[in-house]
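Following: one structure in structure tokens, then a few remarks.
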There are 2 protein chains.
Amino acid sequence: MSTRPAGHKAIIEAAREEFSEQGYGATSIRDIAKRAGVSLSALYYYYKGKQDLLVAILEEGLDAYFDACGTALEAAGGDPAEQLEALVTATVQFRIEHPVKSSIVQTEGRSLEPEHLARYRKNEERGTQQFREVIERGIADGVFLTPHPDDARRAVIAMCNAIAQWYRTDGEVTPDELVERYVSLALTVVEYRPRSVRRAARG
Amino acid sequence: MSTRPAGHKAIIEAAREEFSEQGYGATSIRDIAKRAGVSLSALYYYYKGKQDLLVAILEEGLDAYFDACGTALEAAGGDPAEQLEALVTATVQFRIEHPVKSSIVQTEGRSLEPEHLARYRKNEERGTQQFREVIERGIADGVFLTPHPDDARRAVIAMCNAIAQWYRTDGEVTPDELVERYVSLALTVVEYRPRSVRRAARG
DNA sequence: GTCACGGCTTAACGTTCGTTAGGCAGCAAG
DNA sequence: CTTGCTGCCTAACGAACGTTAAGCCGTGAC
């Protein structure tokens with residue numbers, strides 16, 4: 001229980017990659033087993049079945065992301081702009097570092113059977129809720145001027161999430177640069193105007 | 001040939017909806033046939049097989065979107081801001097009016113077999129190219145001030161595309177309102193500063 | 001009247017699917 | 001030395017899959 005057997009990790013990672021590349025429905029457990037280098041019934045030693053494996057992967061994916069967000073939020077100050085910066089930074093970094101986890105969480109929720117779907121969607125909602133609260137507080141504080149907080153929130157989340165689909169580590173832009181750009185973009189989208197500058201002629 | 005038989009349309013629409021809801025891999029042609037109200041082999045009268053049906057749906061989806069973009073661009077003036085407005089308007093409207101087509105085009109490209117995939121990805125690229133050209137020209141003209149046109153482009157496209165996944169016609173916001181908000185958001189993202197206002201103290 | 005053709009149908013094909021039954025090697029404890 | 005558990009394995013099950021073969025039923029042409 002302390003140290004996980006090698007086969008277990010191989011199975012989850014193989015499943016993640018197959019689900020991510022082909023989708024849950026198009027992936028057979030034989031594909032997964034072959035990729036993991038085990039027999040197809042090794043899978044049933046760790047999970048009740050294919051669906052159970054998907055549930056575990058989705059749950060872990062969401063948890064890992066929320067952990068990253070939580071850590072970032074704690075490290076940030078109470079200022080809404082700083083908190084939005086923390087959330088965007090955590091999200092961009094997570095999409096860069098875990099594109100496979102990210103893409104599964106983003107696309108394979110629909111593959112859940114009804115009994116798991118409701119709970120998952122509710123859990124997923126915590127992600128948007130984090131952004132919603134920060135943006136609302138920024139508006140209440142008068143530092144975010146956007147007249148449409150819901151659209152701004154969806155725009156910020158959508159642009160961050162999309163990173164998982166196009167970013168390649170061998171590209172030109174470094175993760176740190178990308179984080180900086182997206183933080184800047186997000187603050188632009190919510191129309192951030194710092195208090196200290198608001199009295200000056202131009203922002 | 002002039003007027004299509006009812007069965008054909010029923011089959012494409014049923015396939016679109018099934019592919020959109022469950023994904024290509026998880027959809028059986030028996031599901032499609034049942035939804036269309038025909039037998040499963042009626043499908044083979046119009047298409048060579050399941051993959052051929054997907055190809056037709058994806059191709060039509062892209063074409064319909066590009067047609068909408070082309071029409072909008074022609075109606076717009078030569079000003080980059082007007083052209084970006086036209087592209088965003090066309091995209092938002094298309095995502096609202098055709099969420100099923102949109103979601104398939106966005107997610108089921110990966111279900112294409114290698115022989116069709118390359119051509120499709122190339123065709124898909126025309127969409128981003130349209131935005132790229134308009135934004136680059138706005139920068140050249142000095143009216144879009146964003147220092148990172150690629151990130152701005154991806155942000156605009158991502159936020160528009162996401163609409164297909166959350167917008168419901170029975171919601172509070174009307175399509176026209178949404179178009180207006182997203183045009184405004186897009187111009188914010190590219191940091192649009194009209195010439196006539198640039199000389200004034202504030203934007 | 002029959003002929004051809006478009007628009008389907010039912011029935012079956014071999015394959016692959018998710019899942020299960022049962023067994024076997026290694027190791028640690030008694 | 002055996003007992004029991006962990007971590008797999010091979011073999012097989014029935015169900016569902018994509019695809020095909022063969023045929024039927026209208027309608028319009030001759």
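Numbering starts fresh at 1 for the residues of each chain in the structure tokens, the chains themselves are lettered A, B, ... in the order given, and ligands are numbered from 1 as they appear.
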(request) Considering only C-alpha atoms (C1' of nucleotides), extract the chain B residues located within 12 Å of chain D and return them as a list in words. (result) Gly25, Ala26, Thr27, Ser28, Ile29, Arg30, Asp31, Leu40, Ser41, Leu43, Tyr44, Tyr45, Tyr47, Lys48, Gly49, Lys50 and Gln51 of chain B
The selected residues should be written to file as a tab-separated table (two decimals), in the first residue's frame (atoms: C-alpha atoms).
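The result, written out as selection.tsv:
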```tsv
chain	number	residue	atom	x	y	z
B	25	GLY	CA	-15.84	5.86	-31.22
B	26	ALA	CA	-18.67	5.25	-28.79
B	27	THR	CA	-21.39	5.61	-31.42
B	28	SER	CA	-22.55	2.53	-33.29
B	29	ILE	CA	-24.20	2.74	-36.66
B	30	ARG	CA	-27.13	0.95	-35.05
B	31	ASP	CA	-27.50	3.95	-32.71
B	40	LEU	CA	-28.73	0.15	-40.19
B	41	SER	CA	-27.93	-0.69	-43.79
B	43	LEU	CA	-26.57	4.12	-44.11
B	44	TYR	CA	-24.54	2.11	-46.60
B	45	TYR	CA	-26.74	3.27	-49.42
B	47	TYR	CA	-22.03	6.29	-47.48
B	48	LYS	CA	-19.27	3.74	-47.81
B	49	GLY	CA	-19.19	3.24	-44.06
B	50	LYS	CA	-19.03	4.86	-40.67
B	51	GLN	CA	-15.76	6.65	-41.37
```
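Interface residues of chain C facing chain B, defined by any atom at most 10 Å away and using only C-alpha atoms (C1' of nucleotides), are DG6, DG7, DC8, DT9 and DT10 of chain C.
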Selected residues, C-alpha atoms (C1' of nucleotides), written as a PDB file, in the first residue's frame, please.
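The resulting file, selection-v3.pdb, is reproduced below:
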```
ATOM      1  C1'  DG C   6     -33.929   4.546 -56.355  1.00  0.00           C
ATOM      2  C1'  DG C   7     -34.525   3.761 -51.547  1.00  0.00           C
ATOM      3  C1'  DC C   8     -34.623   1.135 -48.642  1.00  0.00           C
ATOM      4  C1'  DT C   9     -35.276  -3.861 -45.853  1.00  0.00           C
ATOM      5  C1'  DT C  10     -33.985  -8.389 -43.207  1.00  0.00           C
TER       6       DT C  10
END
```
(request) Write out as an NGL selection string every residue belonging to chain B that has an atom at most 7 Å from any atom of chain A, counting only C-alpha atoms. (result) :B and (22 or 25-26 or 110-111 or 155 or 158-159 or 162 or 185 or 188-189 or 201-202)
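Here CA of Glu180 in chain A and CA of Phe66 in chain A stand 20.5 Å from one another.
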(request) Looking only at alpha helix (DSSP H) from DSSP on the backbone, list the matching residues of range 91-170 of chain B as a ChimeraX atom specification. (result) /B:91-97,99-107,114-140,149-166
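Atom to atom, CA of Gly138 in chain A and CA of Pro194 in chain A stand 10.3 Å apart.
What separates CA of Ile32 in chain B from CA of Pro114 in chain A is a distance of 20.5 Å.
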